[in-house]
>>> print(open('input-v8.txt').read())   # compact mmCIF, C-alpha atoms and all ligand atoms
# COMPACT_ATOMS: atom_id res chain seq x y z
CA MET T 242 22.88 -23.11 47.30
CA PRO T 243 20.38 -22.95 44.43
CA ARG T 244 21.92 -22.73 41.05
CA ARG T 245 20.84 -19.67 39.13
CA VAL T 246 19.04 -20.74 35.99
CA ILE T 247 18.89 -18.46 32.97
CA ASP T 248 16.67 -19.78 30.23
CA ARG T 249 17.53 -19.19 26.61
CA ARG T 250 14.94 -16.49 26.14
CA ALA T 251 16.10 -14.56 29.20
CA PHE T 252 19.71 -14.96 28.09
CA LEU T 253 18.98 -13.64 24.62
CA GLY T 254 16.93 -10.87 26.17
CA THR T 255 19.79 -9.66 28.30
CA SER T 256 22.53 -10.23 25.78
CA ALA T 257 20.84 -8.99 22.63
CA GLY T 258 19.41 -5.57 22.30
CA ALA T 259 19.11 -4.50 25.96
CA PHE T 260 19.12 -0.72 26.36
CA ILE T 261 18.49 1.95 28.96
CA CYS T 262 16.03 4.71 28.16
CA THR T 263 15.21 7.83 30.11
CA ILE T 264 11.49 8.58 30.16
CA GLY T 265 10.22 11.63 32.01
CA GLY T 266 13.53 11.75 33.88
CA ARG T 267 13.32 8.10 34.94
CA GLU T 268 15.94 5.58 33.81
CA ILE T 269 14.47 2.26 32.74
CA ALA T 270 16.61 -0.70 31.71
CA VAL T 271 14.78 -2.53 28.91
CA ARG T 272 16.00 -6.13 28.88
CA SER T 273 12.68 -7.89 28.31
CA PRO T 274 9.16 -7.26 27.00
CA GLU T 275 8.06 -6.78 30.63
CA ASP T 276 10.56 -3.92 30.94
CA ALA T 277 9.16 -2.44 27.70
CA THR T 278 5.68 -2.53 29.27
CA GLU T 279 7.09 -0.61 32.22
CA ALA T 280 8.58 1.95 29.83
CA ASP T 281 5.18 2.38 28.18
CA ALA T 282 3.57 2.98 31.57
CA ALA T 283 6.24 5.60 32.33
CA ALA T 284 5.55 7.29 28.98
CA ARG T 285 1.80 7.39 29.68
CA ALA T 286 2.56 8.99 33.05
CA VAL T 287 4.56 11.89 31.57
CA ALA T 288 2.46 15.00 32.12
CA ARG T 289 1.70 17.31 29.22
CA PRO T 290 4.17 20.17 29.53
CA ALA T 291 2.66 23.50 30.48
CA GLN T 292 2.52 25.92 27.55
CA ALA T 293 6.16 26.82 27.03
CA GLU T 294 7.48 30.35 26.65
CA PRO T 295 6.97 31.51 23.09
CA THR T 296 10.10 30.87 21.05
CA GLY T 297 9.20 33.28 18.27
CA PRO T 298 7.91 35.30 16.79
CA PHE T 299 8.72 33.46 13.58
CA ALA T 300 7.33 34.20 10.16
CA ALA T 301 4.91 31.46 9.12
CA PRO T 302 6.87 29.06 6.89
CA GLN T 303 5.94 29.41 3.21
CA PRO T 304 7.11 27.80 -0.01
CA ALA T 305 10.00 29.69 -1.63
CA PRO T 306 9.26 31.41 -5.00
CA GLY T 307 8.57 28.64 -7.51
CA GLY T 308 7.98 26.08 -4.76
CA THR T 309 4.72 24.43 -3.78
CA ARG T 310 2.99 23.09 -0.69
CA ARG T 311 3.39 19.32 -0.45
CA GLU T 312 0.61 18.14 1.80
CA TYR T 313 0.55 14.79 3.59
CA TRP T 314 -1.73 13.16 6.14
CA VAL T 315 0.10 10.66 8.34
CA GLN T 316 -1.14 8.73 11.34
CA ALA T 317 0.75 6.78 13.98
CA ARG T 318 -0.78 3.47 14.98
CA SER T 319 0.33 0.19 16.46
CA LEU T 320 -0.48 -3.19 14.97
CA ARG T 321 0.62 -6.82 14.99
CA TRP T 322 3.56 -7.15 12.63
CA ASP T 323 5.14 -10.20 11.03
CA PRO T 324 8.77 -9.58 10.08
CA VAL T 325 9.12 -12.92 8.21
CA PRO T 326 5.81 -13.39 6.37
CA THR T 327 7.14 -16.12 4.04
CA TRP T 328 8.51 -18.16 6.98
CA ARG T 329 11.61 -18.66 4.83
CA ASP T 330 15.13 -17.38 4.32
CA ASP T 331 15.21 -17.42 0.53
CA TRP T 332 18.97 -16.73 0.37
CA HIS T 333 19.86 -19.91 2.26
CA ASP T 334 16.70 -21.74 1.13
CA VAL T 335 15.69 -22.77 4.64
CA PRO T 336 12.55 -22.30 6.74
CA VAL T 337 12.47 -19.79 9.60
CA ARG T 338 10.64 -21.19 12.61
CA GLY T 339 9.08 -19.89 15.81
CA LYS T 340 6.71 -17.19 16.99
CA ARG T 341 7.14 -14.13 14.87
CA THR T 342 4.51 -11.44 15.28
CA PHE T 343 4.88 -8.57 17.69
CA ARG T 344 3.26 -5.19 18.40
CA ALA T 345 4.93 -2.75 16.04
CA PHE T 346 4.39 1.00 15.95
CA THR T 347 4.27 2.62 12.52
CA TYR T 348 3.40 5.69 10.49
CA GLN T 349 0.66 5.24 7.90
CA LEU T 350 -0.20 7.43 4.91
CA MET T 351 -3.84 8.60 4.90
CA THR T 352 -5.98 10.37 2.32
CA ALA T 353 -6.85 14.07 2.75
CA GLY T 354 -8.48 14.87 6.06
CA PHE T 355 -7.50 11.41 7.44
CA ALA T 356 -10.55 10.05 5.57
CA ARG T 357 -9.11 6.58 5.05
CA PRO T 358 -5.79 4.74 4.67
CA ALA T 359 -3.97 5.60 1.43
CA ALA T 360 -1.52 2.74 1.96
CA PRO T 361 -0.94 -0.07 4.44
CA ALA T 362 0.96 0.77 7.63
CA SER T 363 4.61 0.23 6.82
CA MET T 364 8.23 0.46 7.92
CA PRO T 365 9.49 2.91 6.98
CA GLY T 366 6.38 5.09 6.99
CA PRO T 367 5.45 7.04 3.87
CA VAL T 368 8.32 8.56 1.88
CA LEU T 369 7.75 12.34 1.98
CA THR T 370 9.14 13.92 -1.18
CA ALA T 371 9.90 17.54 -2.00
CA GLU T 372 11.97 19.71 -4.28
CA VAL T 373 14.08 22.61 -3.08
CA GLY T 374 11.76 25.54 -2.38
CA ASP T 375 8.78 23.37 -1.42
CA LEU T 376 7.03 23.45 1.94
CA LEU T 377 6.18 20.06 3.44
CA VAL T 378 2.83 20.35 5.22
CA VAL T 379 2.49 17.19 7.28
CA HIS T 380 -0.78 16.70 9.13
CA PHE T 381 -0.03 14.20 11.85
CA ARG T 382 -2.49 12.25 13.98
CA ASN T 383 -1.72 9.97 16.89
CA ALA T 384 -4.31 7.26 16.24
CA ASP T 385 -2.96 4.75 18.73
CA GLU T 386 -4.95 3.87 21.82
CA GLU T 387 -3.20 0.55 22.34
CA LEU T 388 0.14 1.88 23.56
CA GLY T 389 -1.60 5.05 24.71
CA GLN T 390 1.28 7.50 24.81
CA PRO T 391 2.34 10.80 23.22
CA VAL T 392 4.33 10.48 19.98
CA THR T 393 5.63 12.91 17.34
CA MET T 394 7.25 13.28 13.94
CA HIS T 395 10.74 14.75 14.07
CA PRO T 396 12.43 15.34 10.69
CA HIS T 397 16.04 15.41 9.62
CA GLY T 398 17.38 17.40 6.68
CA VAL T 399 14.69 20.07 6.32
CA ARG T 400 14.48 23.54 7.87
CA TYR T 401 12.03 24.25 10.70
CA THR T 402 11.45 26.59 13.61
CA PRO T 403 11.30 25.18 17.16
CA ASP T 404 7.50 25.02 16.78
CA TYR T 405 7.90 22.24 14.20
CA ASP T 406 10.83 20.35 15.74
CA GLY T 407 8.52 17.53 16.87
CA SER T 408 10.59 16.83 19.98
CA TYR T 409 9.73 16.34 23.63
CA VAL T 410 12.13 18.60 25.54
CA GLY T 411 10.64 18.74 29.03
CA ALA T 412 9.42 22.20 30.08
CA TYR T 413 10.55 23.63 26.71
CA THR T 414 8.28 21.30 24.71
CA ARG T 415 6.22 22.92 21.94
CA PRO T 416 2.78 21.44 21.08
CA GLY T 417 4.21 19.40 18.17
CA GLY T 418 6.52 17.61 20.61
CA PHE T 419 3.71 15.96 22.57
CA VAL T 420 0.83 14.61 20.51
CA GLU T 421 -1.37 12.37 22.64
CA PRO T 422 -3.72 9.62 21.35
CA GLY T 423 -6.63 11.22 19.50
CA GLU T 424 -4.76 14.50 18.88
CA GLU T 425 -3.47 16.07 15.66
CA PHE T 426 -0.67 18.48 14.84
CA THR T 427 0.45 19.98 11.51
CA TYR T 428 4.21 20.24 10.92
CA LEU T 429 5.62 22.79 8.46
CA TRP T 430 9.04 21.86 7.09
CA GLU T 431 10.96 23.77 4.41
CA ALA T 432 13.03 22.04 1.72
CA THR T 433 16.03 24.37 1.40
CA PRO T 434 19.07 24.00 -0.88
CA ASP T 435 20.89 22.17 1.93
CA SER T 436 18.01 19.68 2.26
CA VAL T 437 18.90 17.72 -0.88
CA GLY T 438 19.30 14.03 -0.04
CA VAL T 439 17.59 11.23 1.87
CA TRP T 440 16.78 11.78 5.52
CA PRO T 441 14.91 9.96 8.26
CA TYR T 442 12.01 11.16 10.33
CA HIS T 443 11.06 9.44 13.56
CA ASP T 444 9.24 9.67 16.86
CA HIS T 445 10.92 12.06 19.28
CA GLY T 446 8.29 11.96 22.04
CA PRO T 447 9.00 10.95 25.65
CA ASN T 448 9.46 7.25 24.69
CA HIS T 449 11.31 7.86 21.42
CA MET T 450 13.94 5.13 21.65
CA LEU T 451 11.56 2.24 22.27
CA ASN T 452 9.01 3.54 19.76
CA SER T 453 11.65 4.06 17.06
CA PHE T 454 12.83 0.48 17.64
CA ARG T 455 9.19 -0.62 17.22
CA GLY T 456 9.04 0.94 13.75
CA LEU T 457 8.00 4.56 14.21
CA PHE T 458 10.25 5.99 11.49
CA GLY T 459 10.11 7.04 7.86
CA ALA T 460 12.04 8.86 5.15
CA ILE T 461 12.19 12.25 3.45
CA VAL T 462 13.66 12.57 -0.05
CA VAL T 463 14.50 16.07 -1.30
CA ARG T 464 15.68 16.77 -4.86
CA ASP T 465 16.94 19.90 -6.56
CA ARG T 466 14.21 21.89 -8.29
CA GLY T 467 13.47 20.22 -11.62
CA ALA T 468 16.02 17.44 -11.09
CA LYS T 469 15.29 14.31 -13.08
CA ALA T 470 13.87 11.56 -10.90
CA PRO T 471 15.55 8.17 -11.28
CA ASP T 472 13.78 5.39 -13.20
CA VAL T 473 13.99 3.10 -10.16
CA GLU T 474 13.82 4.51 -6.66
CA GLN T 475 13.87 2.63 -3.37
CA VAL T 476 14.26 3.58 0.29
CA LEU T 477 15.72 0.96 2.63
CA ALA T 478 15.82 1.36 6.42
CA LEU T 479 18.25 -0.96 8.21
CA HIS T 480 17.32 -1.71 11.81
CA ALA T 481 17.40 -4.39 14.50
CA LEU T 482 14.26 -5.99 15.93
CA THR T 483 15.47 -7.28 19.28
CA PRO T 484 13.80 -9.56 21.86
CA PRO T 485 13.25 -6.84 24.50
CA VAL T 486 11.23 -4.88 21.92
CA THR T 487 9.54 -7.75 20.07
CA GLY T 488 9.24 -10.55 22.62
CA LEU T 489 10.52 -12.85 19.88
CA ARG T 490 13.02 -15.52 20.81
CA SER T 491 15.83 -14.36 18.56
CA PRO T 492 17.06 -10.97 17.44
CA LEU T 493 16.28 -10.16 13.82
CA GLN T 494 18.23 -7.74 11.65
CA ALA T 495 15.61 -6.16 9.43
CA ILE T 496 15.26 -4.03 6.33
CA ASN T 497 11.98 -2.10 6.17
CA GLY T 498 10.58 -4.18 9.02
CA ARG T 499 11.27 -7.54 7.37
CA ALA T 500 14.07 -10.02 7.81
CA TYR T 501 15.65 -12.47 5.33
CA ALA T 502 15.65 -12.36 1.53
CA GLY T 503 12.20 -12.94 0.09
CA ASN T 504 10.70 -10.88 2.96
CA THR T 505 12.84 -7.76 2.69
CA PRO T 506 12.10 -5.70 -0.45
CA THR T 507 13.01 -7.44 -3.71
CA LEU T 508 14.31 -4.63 -5.92
CA ARG T 509 13.85 -4.80 -9.69
CA ALA T 510 15.45 -2.88 -12.57
CA ARG T 511 16.31 -3.26 -16.25
CA VAL T 512 19.64 -2.70 -17.95
CA GLY T 513 19.99 0.95 -18.92
CA GLU T 514 17.78 2.30 -16.15
CA ASP T 515 18.88 5.05 -13.80
CA VAL T 516 18.72 3.41 -10.36
CA GLU T 517 18.74 5.15 -6.99
CA ILE T 518 18.72 3.26 -3.70
CA ASN T 519 18.59 5.34 -0.54
CA ALA T 520 19.58 3.43 2.59
CA PHE T 521 19.69 4.67 6.15
CA GLY T 522 20.38 3.21 9.59
CA MET T 523 17.48 3.28 12.02
CA ASP T 524 18.81 1.85 15.25
CA SER T 525 21.85 2.27 17.55
CA ASN T 526 24.25 0.24 15.40
CA PHE T 527 26.31 1.04 12.39
CA HIS T 528 25.53 -0.71 9.14
CA THR T 529 26.88 -0.83 5.62
CA PHE T 530 25.09 -1.06 2.29
CA HIS T 531 26.52 -3.51 -0.20
CA ILE T 532 25.14 -4.62 -3.58
CA HIS T 533 26.75 -7.56 -5.34
CA GLY T 534 27.97 -6.85 -8.86
CA HIS T 535 27.69 -3.06 -8.65
CA ARG T 536 29.75 0.02 -7.88
CA TRP T 537 28.86 3.67 -7.64
CA ARG T 538 30.42 6.96 -6.53
CA ASP T 539 30.35 8.45 -3.05
CA PRO T 540 29.72 12.21 -2.64
CA ALA T 541 33.48 12.86 -2.92
CA GLY T 542 33.58 11.02 -6.27
CA ALA T 543 35.35 7.81 -5.19
CA PHE T 544 34.07 4.45 -6.42
CA ILE T 545 32.49 2.37 -3.66
CA ASP T 546 30.37 -0.75 -3.18
CA ASN T 547 29.92 -0.88 0.58
CA PRO T 548 29.52 2.50 2.34
CA ALA T 549 29.05 2.63 6.11
CA MET T 550 26.28 4.53 7.82
CA GLY T 551 25.81 5.45 11.44
CA PRO T 552 22.52 5.75 13.32
CA ASN T 553 20.07 7.90 11.33
CA GLU T 554 22.63 8.50 8.59
CA GLY T 555 21.67 8.01 4.95
CA VAL T 556 23.67 6.88 1.92
CA THR T 557 22.63 7.00 -1.73
CA ALA T 558 23.64 4.43 -4.33
CA ARG T 559 22.94 5.83 -7.80
CA PHE T 560 24.14 4.22 -10.99
CA VAL T 561 23.08 3.30 -14.51
CA GLU T 562 22.25 -0.40 -14.47
CA ASP T 563 24.57 -2.50 -16.66
CA ASN T 564 24.75 -5.94 -15.07
CA PRO T 565 21.75 -8.27 -15.42
CA GLY T 566 21.08 -11.15 -13.05
CA ARG T 567 19.89 -12.02 -9.57
CA TRP T 568 22.02 -10.20 -7.03
CA LEU T 569 22.15 -9.97 -3.26
CA TYR T 570 22.14 -6.70 -1.39
CA HIS T 571 22.91 -6.72 2.31
CA CYS T 572 24.47 -5.06 5.31
CA HIS T 573 28.09 -6.21 5.46
CA VAL T 574 28.26 -6.39 9.24
CA PHE T 575 28.43 -10.19 9.09
CA THR T 576 26.32 -10.77 12.19
CA HIS T 577 23.61 -8.58 10.67
CA GLN T 578 23.57 -10.17 7.22
CA ASP T 579 23.13 -13.66 8.68
CA ALA T 580 20.30 -12.50 10.99
CA GLY T 581 18.21 -11.31 8.08
CA MET T 582 19.63 -7.97 6.87
CA ALA T 583 19.75 -9.01 3.20
CA GLY T 584 17.59 -9.03 0.10
CA TRP T 585 17.39 -9.62 -3.65
CA TYR T 586 18.10 -7.22 -6.47
CA VAL T 587 16.85 -8.66 -9.76
CA VAL T 588 18.07 -7.02 -12.99
CA ASP T 589 16.37 -7.93 -16.26
CA PRO T 590 18.35 -7.62 -19.51
CU CU T 601 24.05 -3.87 9.75
>>> encode(input="input-v8.txt", output="structure tokens")
Amino acid sequence: MPRRVIDRRAFLGTSAGAFICTIGGREIAVRSPEDATEADAAARAVARPAQAEPTGPFAAPQPAPGGTRREYWVQARSLRWDPVPTWRDDWHDVPVRGKRTFRAFTYQLMTAGFARPAAPASMPGPVLTAEVGDLLVVHFRNADEELGQPVTMHPHGVRYTPDYDGSYVGAYTRPGGFVEPGEEFTYLWEATPDSVGVWPYHDHGPNHMLNSFRGLFGAIVVRDRGAKAPDVEQVLALHALTPPVTGLRSPLQAINGRAYAGNTPTLRARVGEDVEINAFGMDSNFHTFHIHGHRWRDPAGAFIDNPAMGPNEGVTARFVEDNPGRWLYHCHVFTHQDAGMAGWYVVDP
């Protein structure tokens, strides 16, 4: 009887990061890059929903008195992505070996009218900022022919009508929930008093799970009207990059698309500065956010140094810097921190 052979890559593929997604009503188990290709084909085969019953009428969203329109142009595109560009883990001072690039899917900030890139494609995508009373006007373009499937922008934290939900919901889908390659849609999102905080946005099209795991996510930061901005501000998205999605040999635990200190963002501040770090989880795991040498208060007022966050949940660490030195920040799920979910925080006197 032939012995069943499972090579290391197949083993890692099945044991690390396998998931089942439902695309156009079809269940697809994604255990390998080949399965991900099948999921992409299923997403391309999803038919554009017929024009759904009107859900309104709704008044056209406007800025509240005193608020302004905050206009953004954002495109979705795929590209080769290197999660460990230095080839090193600077925390443990060792090289990281092996094939590392994969086809990521990201949001990219563009100049007005999509004239040209305003920033490199990134994970997370552009941070959309607003104050209470503002209207976020987000012109979105699906610029990706490579993966060739409908994608969207779905926000958390802000107020919107069903027209601007940015979600594929079968026969009930509104136009903003199915934006095919070459198409554009403008989302109108209101920053209301209950929008204050840090929130994710992400793809919620027919293939949302796989595309979110590929990097199609970003952040929204809403402040009270006239609130003082911190001196140092950083958004950190914590997320796994697993072999079924990346085709890489090992799972990586990433922050902003990069793994291992020296690749993840190196944060910098000076003593006396008002520091705000907004972290959120962007996969199916729970994470924590820990900074060595620092404490801050949670929303209930308790001192903390390692709050937990669930999928798509955000936490804010805000404190006045008082402790110079080179510090680590990391997720305190031990298996995540050692697979790359860590970085440096350097405080100058
Ligand atoms: Cu974690």
>>> residues_around(input="input-v8.txt", residues="Ala317 of chain T", least_positions_apart="6", cutoff="9 Å", atoms="only C-alpha atoms", output="PyMOL selection string")
chain T and resi 346-349+362+381-385+392-393+457
>>> residues_near_point(input="input-v8.txt", point="(18.6, -11.1, -4.6)", cutoff="8 Å", atoms="only C-alpha atoms", output="PyMOL selection string")
chain T and resi 332+502+507-508+567-570+584-587
>>> residues_around(input="input-v8.txt", residues="Ala549 of chain T", least_positions_apart="6", cutoff="8 Å", atoms="all atoms listed in the file", output="list of chain:residue names")
T:Phe527, T:His528, T:Thr529, T:Phe530
>>> residues_near_ligand(input="input-v8.txt", ligand="ligand CU 601 (chain T)", cutoff="9 Å", atoms="all atoms listed in the file", output="list in words")
Leu479, His480, Ala481, Gln494, Ala495, Gly522, Asn526, Phe527, His528, Thr529, Phe530, Ala549, Met550, His571, Cys572, His573, Val574, Phe575, Thr576, His577, Gln578 and Met582 of chain T
>>> write_last_selection(input="input-v8.txt", atoms="C-alpha atoms", output="compact mmCIF listing (two decimals), in the frame of the given file")
# COMPACT_ATOMS: atom_id res chain seq x y z
CA LEU T 479 18.25 -0.96 8.21
CA HIS T 480 17.32 -1.71 11.81
CA ALA T 481 17.40 -4.39 14.50
CA GLN T 494 18.23 -7.74 11.65
CA ALA T 495 15.61 -6.16 9.43
CA GLY T 522 20.38 3.21 9.59
CA ASN T 526 24.25 0.24 15.40
CA PHE T 527 26.31 1.04 12.39
CA HIS T 528 25.53 -0.71 9.14
CA THR T 529 26.88 -0.83 5.62
CA PHE T 530 25.09 -1.06 2.29
CA ALA T 549 29.05 2.63 6.11
CA MET T 550 26.28 4.53 7.82
CA HIS T 571 22.91 -6.72 2.31
CA CYS T 572 24.47 -5.06 5.31
CA HIS T 573 28.09 -6.21 5.46
CA VAL T 574 28.26 -6.39 9.24
CA PHE T 575 28.43 -10.19 9.09
CA THR T 576 26.32 -10.77 12.19
CA HIS T 577 23.61 -8.58 10.67
CA GLN T 578 23.57 -10.17 7.22
CA MET T 582 19.63 -7.97 6.87
>>> closest_residue(input="input-v8.txt", among="T:Ala468, T:Ala520, T:Ala282, T:Val486", to="Val439 of chain T", atoms="all atoms listed in the file")
T:Ala520
>>> closest_atom_pairs(input="input-v8.txt", of="segment 504-568 of chain T", to="segment 397-408 of chain T", cutoff="12 Å", atoms="all atoms listed in the file", output="JSON lines")
{"residue": "T:Phe521", "atom": "CA", "partner": "T:His397", "partner_atom": "CA", "distance": 11.9}
{"residue": "T:Asn553", "atom": "CA", "partner": "T:His397", "partner_atom": "CA", "distance": 8.7}
{"residue": "T:Glu554", "atom": "CA", "partner": "T:His397", "partner_atom": "CA", "distance": 9.6}
{"residue": "T:Gly555", "atom": "CA", "partner": "T:His397", "partner_atom": "CA", "distance": 10.4}
>>> closest_residue(input="input-v8.txt", among="T:Phe260, T:Arg285, T:Ser319, T:Pro552", to="Ser273 of chain T", atoms="all atoms listed in the file")
T:Phe260
>>> residues_around(input="input-v8.txt", residues="Ala283 of chain T", least_positions_apart="3", cutoff="12 Å", atoms="all atoms listed in the file", output="list of chain:residue names")
T:Cys262, T:Thr263, T:Ile264, T:Gly265, T:Gly266, T:Arg267, T:Glu268, T:Ile269, T:Asp276, T:Ala277, T:Thr278, T:Glu279, T:Ala280, T:Ala286, T:Val287, T:Ala288, T:Leu388, T:Gly389, T:Gln390, T:Pro391, T:Pro447, T:Asn448, T:Leu451
